[in-house]
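With TSV, C-alpha atoms inside, this is start08.tsv:
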chain	number	residue	atom	x	y	z
X	710	MET	CA	-2.00	-4.81	9.28
X	711	THR	CA	-5.58	-3.82	10.12
X	712	TYR	CA	-5.73	-0.57	8.12
X	713	ASN	CA	-4.29	0.37	4.75
X	714	VAL	CA	-4.44	3.99	5.93
X	715	TYR	CA	-5.03	5.83	9.22
X	716	GLY	CA	-6.12	9.39	8.38
X	717	VAL	CA	-5.86	12.46	10.60
X	718	GLY	CA	-7.84	15.55	9.67
X	719	ASN	CA	-10.80	17.82	10.13
X	720	ALA	CA	-14.40	16.62	10.35
X	721	ILE	CA	-16.40	19.08	8.27
X	722	MET	CA	-20.00	18.93	7.04
X	723	ASP	CA	-19.81	20.15	3.43
X	724	MET	CA	-22.66	22.18	1.97
X	725	GLN	CA	-22.30	22.42	-1.80
X	726	VAL	CA	-24.17	25.21	-3.54
X	727	GLN	CA	-24.12	26.29	-7.18
X	728	CYS	CA	-23.99	30.07	-7.60
X	729	ASP	CA	-22.73	32.70	-10.03
X	730	ASP	CA	-19.78	35.09	-9.83
X	731	ALA	CA	-22.18	37.93	-9.03
X	732	PHE	CA	-23.12	36.23	-5.75
X	733	LEU	CA	-19.46	36.04	-4.72
X	734	ASP	CA	-18.93	39.72	-5.60
X	735	LYS	CA	-22.04	40.84	-3.72
X	736	ALA	CA	-21.10	38.79	-0.64
X	737	GLY	CA	-17.50	40.04	-0.74
X	738	ILE	CA	-16.06	36.53	-1.09
X	739	GLU	CA	-12.69	35.99	-2.80
X	740	LYS	CA	-13.10	33.40	-5.55
X	741	GLY	CA	-11.27	30.09	-5.83
X	742	ILE	CA	-9.71	29.82	-2.36
X	743	MET	CA	-10.56	28.49	1.09
X	744	THR	CA	-11.27	31.13	3.74
X	745	LEU	CA	-11.66	30.41	7.46
X	746	VAL	CA	-14.75	32.14	8.89
X	747	ASP	CA	-16.51	32.25	12.26
X	748	ASP	CA	-19.99	30.83	12.89
X	749	ALA	CA	-21.67	34.24	12.52
X	750	ARG	CA	-20.15	34.88	9.08
X	751	GLN	CA	-21.04	31.33	7.99
X	752	GLN	CA	-24.67	31.86	9.01
X	753	GLN	CA	-24.75	35.20	7.17
X	754	VAL	CA	-23.66	33.48	3.94
X	755	LEU	CA	-26.13	30.60	4.45
X	756	ASP	CA	-28.94	33.11	4.95
X	757	ALA	CA	-27.99	34.77	1.65
X	758	LEU	CA	-28.18	31.32	0.00
X	759	SER	CA	-31.64	30.50	1.37
X	760	GLU	CA	-33.14	30.38	-2.17
X	761	HIS	CA	-30.44	27.98	-3.43
X	762	ASP	CA	-30.43	24.17	-3.31
X	763	ILE	CA	-27.85	22.83	-0.86
X	764	ASN	CA	-26.21	19.38	-1.11
X	765	TYR	CA	-25.01	18.08	2.29
X	766	CYS	CA	-22.11	15.62	2.61
X	767	SER	CA	-19.71	14.83	5.45
X	768	GLY	CA	-16.26	15.92	4.37
X	769	GLY	CA	-12.93	17.47	5.22
X	770	SER	CA	-9.93	16.96	2.94
X	771	ALA	CA	-8.39	13.86	4.56
X	772	ALA	CA	-11.87	12.46	5.28
X	773	ASN	CA	-12.69	12.55	1.55
X	774	THR	CA	-9.52	10.56	0.87
X	775	ILE	CA	-10.27	8.02	3.60
X	776	VAL	CA	-13.83	7.55	2.23
X	777	GLY	CA	-12.38	7.12	-1.27
X	778	ILE	CA	-10.06	4.37	-0.01
X	779	ALA	CA	-13.03	2.61	1.63
X	780	ASP	CA	-15.05	3.00	-1.61
X	781	MET	CA	-12.28	1.17	-3.47
X	782	GLY	CA	-12.40	-1.72	-1.02
X	783	GLY	CA	-9.57	-0.57	1.25
X	784	SER	CA	-9.50	-0.57	5.05
X	785	ALA	CA	-9.18	2.71	6.94
X	786	ALA	CA	-9.46	4.57	10.24
X	787	TYR	CA	-9.97	8.29	10.79
X	788	ALA	CA	-9.02	10.54	13.72
X	789	CYS	CA	-11.19	13.68	13.87
X	790	LYS	CA	-13.49	15.67	16.18
X	791	THR	CA	-17.25	16.03	15.67
X	792	GLY	CA	-19.77	17.76	17.94
X	793	PRO	CA	-22.81	16.23	19.69
X	794	ASP	CA	-25.15	17.96	17.19
X	795	GLY	CA	-27.12	16.55	14.25
X	796	PHE	CA	-24.30	17.19	11.78
X	797	GLY	CA	-21.89	15.33	14.06
X	798	GLN	CA	-24.15	12.30	14.33
X	799	GLN	CA	-24.72	12.26	10.56
X	800	TYR	CA	-20.95	12.46	10.04
X	801	LEU	CA	-20.16	9.52	12.32
X	802	ASN	CA	-23.01	7.42	10.89
X	803	GLU	CA	-21.81	7.96	7.29
X	804	MET	CA	-18.26	6.94	8.22
X	805	MET	CA	-19.31	3.86	10.16
X	806	GLU	CA	-21.63	2.70	7.36
X	807	LEU	CA	-18.56	2.66	5.10
X	808	GLY	CA	-16.68	0.45	7.57
X	809	ILE	CA	-14.31	3.27	8.59
X	810	THR	CA	-13.13	3.14	12.21
X	811	ILE	CA	-13.51	6.51	13.94
X	812	ALA	CA	-10.45	6.66	16.15
X	813	VAL	CA	-11.44	9.56	18.47
X	814	ASP	CA	-14.30	10.28	20.90
X	815	PRO	CA	-16.65	13.15	19.89
X	816	GLY	CA	-15.93	16.58	21.35
X	817	ALA	CA	-18.16	19.40	22.58
X	818	GLY	CA	-19.50	22.34	20.58
X	819	GLN	CA	-20.63	22.56	16.96
X	820	THR	CA	-19.44	20.24	14.20
X	821	GLY	CA	-17.36	22.10	11.61
X	822	THR	CA	-19.02	23.23	8.38
X	823	CYS	CA	-17.78	24.23	4.93
X	824	VAL	CA	-19.90	26.13	2.43
X	825	VAL	CA	-18.60	25.13	-1.01
X	826	LEU	CA	-19.68	27.70	-3.61
X	827	ILE	CA	-19.46	26.27	-7.13
X	828	THR	CA	-19.48	28.70	-10.05
X	829	PRO	CA	-20.40	27.75	-13.66
X	830	ASP	CA	-16.67	27.36	-14.54
X	831	ALA	CA	-16.51	24.48	-11.96
X	832	GLN	CA	-14.28	26.57	-9.69
X	833	ARG	CA	-14.89	26.04	-5.99
X	834	THR	CA	-14.72	28.71	-3.32
X	835	MET	CA	-14.83	27.49	0.26
X	836	LEU	CA	-15.85	29.15	3.52
X	837	THR	CA	-14.88	26.94	6.43
X	838	SER	CA	-15.95	27.21	10.06
X	839	LEU	CA	-13.89	24.59	11.90
X	840	GLY	CA	-16.13	24.36	14.96
X	841	THR	CA	-15.07	21.62	17.38
X	842	SER	CA	-12.77	20.15	14.70
X	843	SER	CA	-10.17	22.67	15.85
X	844	SER	CA	-10.05	20.99	19.28
X	845	LEU	CA	-8.44	17.78	17.96
X	846	HIS	CA	-5.25	17.44	20.04
X	847	ALA	CA	-2.23	15.21	20.54
X	848	ASP	CA	-3.90	13.15	23.29
X	849	ASP	CA	-6.55	12.07	20.75
X	850	ILE	CA	-4.01	10.18	18.66
X	851	SER	CA	-3.71	6.51	19.55
X	852	ALA	CA	-0.36	4.72	19.21
X	853	ALA	CA	-2.14	1.33	19.23
X	854	GLU	CA	-4.39	2.30	16.29
X	855	ILE	CA	-1.56	3.85	14.29
X	856	ALA	CA	0.54	0.70	14.76
X	857	LYS	CA	-2.18	-1.24	12.86
X	858	ALA	CA	-1.77	0.89	9.71
X	859	GLU	CA	0.52	0.71	6.69
X	860	TYR	CA	0.31	4.48	6.12
X	861	VAL	CA	-0.67	7.49	8.20
X	862	TYR	CA	-2.20	10.26	6.03
X	863	VAL	CA	-2.11	13.80	7.45
X	864	GLU	CA	-3.88	16.82	5.98
X	865	GLY	CA	-1.97	20.09	5.82
X	866	TYR	CA	-4.95	22.11	7.06
X	867	LEU	CA	-4.20	20.78	10.57
X	868	PHE	CA	-1.05	22.91	10.65
X	869	ALA	CA	-3.14	26.11	10.74
X	870	GLY	CA	-4.04	25.64	14.43
X	871	ASP	CA	-1.88	24.97	17.51
X	872	SER	CA	-3.93	22.06	18.88
X	873	THR	CA	-4.49	20.37	15.51
X	874	ARG	CA	-0.83	20.86	14.56
X	875	ALA	CA	0.16	19.06	17.76
X	876	ALA	CA	-2.19	16.20	16.79
X	877	ALA	CA	-0.64	15.99	13.30
X	878	LEU	CA	2.91	15.95	14.65
X	879	LYS	CA	1.98	13.33	17.28
X	880	ALA	CA	0.53	11.09	14.55
X	881	ILE	CA	3.73	11.45	12.49
X	882	GLU	CA	5.93	10.77	15.53
X	883	LEU	CA	3.92	7.65	16.48
X	884	ALA	CA	3.97	6.42	12.88
X	885	LYS	CA	7.75	6.61	12.75
X	886	ALA	CA	8.05	4.88	16.16
X	887	ASN	CA	5.90	2.00	14.81
X	888	ASN	CA	7.50	1.66	11.34
X	889	VAL	CA	4.38	3.08	9.68
X	890	LYS	CA	4.90	5.20	6.56
X	891	VAL	CA	3.78	8.86	6.53
X	892	ALA	CA	1.92	10.62	3.72
X	893	LEU	CA	1.30	14.37	3.95
X	894	THR	CA	-0.88	16.53	1.73
X	895	ILE	CA	-0.06	20.26	1.62
X	896	SER	CA	-3.82	21.04	1.27
X	897	ASP	CA	-3.56	24.71	0.25
X	898	PRO	CA	-0.89	27.17	-0.96
X	899	PHE	CA	-1.74	29.64	1.85
X	900	LEU	CA	-0.38	27.11	4.37
X	901	ILE	CA	3.10	27.33	2.85
X	902	ASP	CA	3.18	31.03	3.77
X	903	ILE	CA	2.58	30.24	7.43
X	904	CYS	CA	4.17	26.76	7.77
X	905	ARG	CA	7.01	26.76	5.25
X	906	ASP	CA	9.80	25.84	7.69
X	907	GLN	CA	7.73	23.11	9.34
X	908	PHE	CA	6.69	21.59	6.01
X	909	GLN	CA	10.27	21.76	4.74
X	910	SER	CA	11.52	20.01	7.86
X	911	LEU	CA	8.90	17.24	7.51
X	912	ILE	CA	9.59	16.78	3.79
X	913	GLU	CA	13.32	16.48	4.50
X	914	GLY	CA	12.69	14.13	7.42
X	915	GLN	CA	9.69	12.01	8.34
X	916	VAL	CA	7.43	12.24	5.27
X	917	ASP	CA	7.60	9.22	2.92
X	918	LEU	CA	5.03	10.51	0.40
X	919	LEU	CA	4.09	14.12	-0.32
X	920	PHE	CA	0.93	15.11	-2.19
X	921	CYS	CA	0.79	18.62	-3.65
X	922	ASN	CA	-0.58	20.49	-6.64
X	923	GLU	CA	1.26	22.70	-9.11
X	924	GLU	CA	0.66	25.93	-7.22
X	925	GLU	CA	1.79	24.42	-3.91
X	926	ALA	CA	4.88	22.88	-5.53
X	927	ARG	CA	5.87	26.26	-6.98
X	928	ALA	CA	5.36	27.97	-3.62
X	929	LEU	CA	7.46	25.28	-1.91
X	930	THR	CA	10.38	25.27	-4.35
X	931	GLY	CA	10.39	28.71	-5.98
X	932	LYS	CA	10.59	26.96	-9.38
X	933	GLN	CA	8.06	27.28	-12.22
X	934	ASP	CA	8.25	24.13	-14.32
X	935	PRO	CA	6.33	21.26	-12.66
X	936	ILE	CA	9.04	18.70	-13.54
X	937	ASP	CA	11.68	20.94	-11.94
X	938	CYS	CA	9.45	21.31	-8.87
X	939	ALA	CA	8.93	17.55	-8.63
X	940	HIS	CA	12.66	16.82	-8.90
X	941	ALA	CA	13.48	19.50	-6.30
X	942	ILE	CA	11.05	17.99	-3.78
X	943	HIS	CA	12.18	14.43	-4.60
X	944	LYS	CA	15.74	15.33	-3.57
X	945	HIS	CA	14.44	15.37	0.01
X	946	CYS	CA	11.31	13.20	-0.09
X	947	GLU	CA	11.25	9.54	-1.10
X	948	ASN	CA	7.97	9.77	-3.05
X	949	VAL	CA	6.12	12.75	-4.52
X	950	ALA	CA	2.70	12.91	-6.19
X	951	LEU	CA	2.28	16.28	-7.91
X	952	THR	CA	-1.12	16.91	-9.52
X	953	LEU	CA	-1.49	19.04	-12.66
X	954	GLY	CA	-5.29	19.40	-12.92
X	955	LYS	CA	-6.64	18.20	-16.26
X	956	ASN	CA	-3.06	17.50	-17.40
X	957	GLY	CA	-2.75	14.56	-14.99
X	958	SER	CA	0.10	14.25	-12.51
X	959	ILE	CA	3.75	13.40	-11.97
X	960	ILE	CA	4.81	10.71	-9.51
X	961	MET	CA	8.43	10.71	-8.36
X	962	HIS	CA	9.58	7.29	-7.17
X	963	GLN	CA	13.12	5.89	-6.85
X	964	GLY	CA	14.60	8.82	-8.76
X	965	GLU	CA	12.26	8.36	-11.70
X	966	ALA	CA	9.52	10.73	-12.92
X	967	LEU	CA	6.39	8.75	-13.83
X	968	PRO	CA	4.00	10.79	-16.01
X	969	ILE	CA	0.33	10.01	-15.30
X	970	GLU	CA	-2.27	10.98	-17.89
X	971	GLY	CA	-5.30	13.11	-17.02
X	972	VAL	CA	-8.81	11.79	-17.69
X	973	ALA	CA	-10.89	13.91	-20.07
X	974	VAL	CA	-14.24	14.71	-18.44
X	975	GLU	CA	-16.63	17.64	-18.34
X	976	ALA	CA	-15.86	19.19	-14.95
X	977	ILE	CA	-18.89	20.27	-12.94
X	978	ASP	CA	-17.29	20.66	-9.51
X	979	THR	CA	-13.57	20.33	-8.74
X	980	THR	CA	-14.18	19.84	-4.99
X	981	GLY	CA	-12.33	16.78	-3.81
X	982	ALA	CA	-10.35	16.12	-7.00
X	983	GLY	CA	-7.01	16.11	-5.19
X	984	ASP	CA	-8.49	14.19	-2.26
X	985	MET	CA	-9.80	11.45	-4.55
X	986	TYR	CA	-6.52	11.30	-6.47
X	987	ALA	CA	-4.75	10.72	-3.14
X	988	ALA	CA	-7.29	7.97	-2.35
X	989	GLY	CA	-6.44	6.15	-5.58
X	990	VAL	CA	-2.69	6.41	-5.02
X	991	LEU	CA	-2.86	5.33	-1.36
X	992	TYR	CA	-5.28	2.49	-2.08
X	993	GLY	CA	-3.04	1.34	-4.94
X	994	ILE	CA	0.30	1.32	-3.14
X	995	THR	CA	-1.20	-0.49	-0.11
X	996	ASN	CA	-3.01	-3.09	-2.26
X	997	GLY	CA	-0.33	-4.43	-4.55
X	998	LEU	CA	-0.43	-1.96	-7.46
X	999	SER	CA	2.71	-0.38	-8.89
X	1000	TRP	CA	3.20	3.37	-8.39
X	1001	GLN	CA	2.32	3.97	-12.05
X	1002	GLN	CA	-0.88	1.91	-11.71
X	1003	ALA	CA	-1.77	3.68	-8.46
X	1004	GLY	CA	-1.38	7.02	-10.25
X	1005	HIS	CA	-3.68	5.86	-13.06
X	1006	LEU	CA	-6.28	4.80	-10.50
X	1007	GLY	CA	-5.97	8.20	-8.77
X	1008	SER	CA	-6.50	9.98	-12.11
X	1009	HIS	CA	-9.64	7.96	-12.90
X	1010	ALA	CA	-11.07	8.47	-9.41
X	1011	ALA	CA	-10.45	12.24	-9.62
X	1012	GLY	CA	-12.07	12.33	-13.08
X	1013	ARG	CA	-15.18	10.64	-11.72
X	1014	VAL	CA	-15.50	12.98	-8.78
X	1015	VAL	CA	-15.18	16.25	-10.76
X	1016	SER	CA	-17.88	15.19	-13.24
X	1017	GLN	CA	-20.59	15.52	-10.55
X	1018	LEU	CA	-21.45	17.67	-7.52
X	1019	GLY	CA	-19.67	16.80	-4.28
X	1020	ALA	CA	-16.38	15.28	-3.15
X	1021	ARG	CA	-17.49	11.64	-3.04
X	1022	LEU	CA	-17.49	8.99	-5.74
X	1023	PRO	CA	-20.98	8.49	-7.18
X	1024	LYS	CA	-20.60	4.77	-6.41
X	1025	PRO	CA	-17.84	2.53	-5.03
X	1026	ILE	CA	-15.18	1.26	-7.45
X	1027	SER	CA	-15.04	-2.55	-7.38
X	1028	ARG	CA	-11.85	-4.59	-7.66
X	1029	ASP	CA	-13.06	-5.81	-11.08
X	1030	GLU	CA	-13.45	-2.19	-12.23
X	1031	ILE	CA	-9.97	-1.35	-10.92
X	1032	GLU	CA	-8.48	-4.30	-12.83
X	1033	ALA	CA	-10.36	-3.27	-15.99
X	1034	LEU	CA	-9.06	0.31	-15.68
X	1035	LEU	CA	-5.51	-0.91	-15.42
X	1036	ALA	CA	-5.74	-3.54	-18.19
Using the file provided, produce a representation of the structure as structure tokens.
Amino acid sequence: MTYNVYGVGNAIMDMQVQCDDAFLDKAGIEKGIMTLVDDARQQQVLDALSEHDINYCSGGSAANTIVGIADMGGSAAYACKTGPDGFGQQYLNEMMELGITIAVDPGAGQTGTCVVLITPDAQRTMLTSLGTSSSLHADDISAAEIAKAEYVYVEGYLFAGDSTRAAALKAIELAKANNVKVALTISDPFLIDICRDQFQSLIEGQVDLLFCNEEEARALTGKQDPIDCAHAIHKHCENVALTLGKNGSIIMHQGEALPIEGVAVEAIDTTGAGDMYAAGVLYGITNGLSWQQAGHLGSHAAGRVVSQLGARLPKPISRDEIEALLA
């Protein structure tokens, strides 16, 4: 194997800004969710934020996970589309500096952007303009690169567009053809409304590991109790990692529910918590840790990322640190 994980997702330049609830109300932005916007609306919001400090970081849900895996010492590749602009070049440079193979040629047009508005309660509200990221298509996915991976990791956001959905499905199809395991993250509850049948079919078929949060699990199963949700999904899916915010997570593996503790931290920004949890789990299961240990690592990584601004770990986690965490 060359890669622990081959990720497929959006390439988005994140712009994190701290603001108050009054700003969201004045700008007519619904709090706590991700909203897709066009370039004009994005610029309008950025203009309104001109007096605020902005923290720039290359992101996208699956990209954050892939970077987390690299920061833990794992090997990874990422299939995405950036533009020929400054943001695109910055994005590619950041990935390559981390030793991540970018598995797709750049596209045309503007690199995608996401304005992440962080309120004092650490809630994040996202406005995403996909830009050229939405042009990722099935022909961009390489069978030869996927065959080098232990896992393919697909972000649910790709299912919101025709071209990107085709890319996601091609990656899953090629993974199965090459005996590579498939991990899928739901990404957002709104996707279940528009992709329920497709997600259900994947969970019952090709997906080996499903990542979801409490809200997504409830929307998928129609059940309320997280344990009931986890068991219902596990009937169809070999492995399930269901996050419960500060209460930790539940991993379903071989018919058993493994409770994973949360890590008590003062949350400043919850952006990337689920992405970093997925990084810990995927790094762990592809580097000799048990599922329980991988869950613990995911919890610690998520705790570190929410205690600061941005969706990246403040510094890489060394193998010695990982062993100390698990001792």
Contact table stretch 803-822 of chain X vs stretch 722-745 of chain X, cut-off 10 Å, shortest pair per residue, all atoms listed in the file, as CSV:
residue,atom,partner,partner_atom,distance
X:Thr820,CA,X:Met722,CA,7.3
X:Gly821,CA,X:Met722,CA,6.2
X:Thr822,CA,X:Met722,CA,4.6
Next on the checklist: If I take atom CA of X:Glu859 and atom CA of X:Gly777, how far is one from the other in Å, to one decimal?
Outcome noted: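 Those two atoms sit 16.5 Å apart.
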Item to check | Nearest candidate to X:Ala892 (options X:Tyr862, X:Asp848, X:Ser910, X:His761; using all atoms listed in the file) | outcome: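 Comparing X:Tyr862, X:Asp848, X:Ser910, X:His761 against X:Ala892, the winner is X:Tyr862.
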Next on the checklist: I need the residue nearest X:Asp780 from this list: X:Gly957, X:Asp762, X:Gly1007, X:Gly808. Use all atoms listed in the file for the distance.
Outcome noted: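 Ranking X:Gly957, X:Asp762, X:Gly1007, X:Gly808 by distance to X:Asp780, first place goes to X:Gly808.
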Item to check | Separation of atom CA of X:Cys823 from atom CA of X:Leu918 in Å | outcome: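 Going from atom CA of X:Leu918 over to atom CA of X:Cys823 covers 27.0 Å.
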Next on the checklist: Can you measure atom CA of X:Phe908 to atom CA of X:Ile895 for me? One decimal in Å is fine.
Outcome noted: 8.2 Å
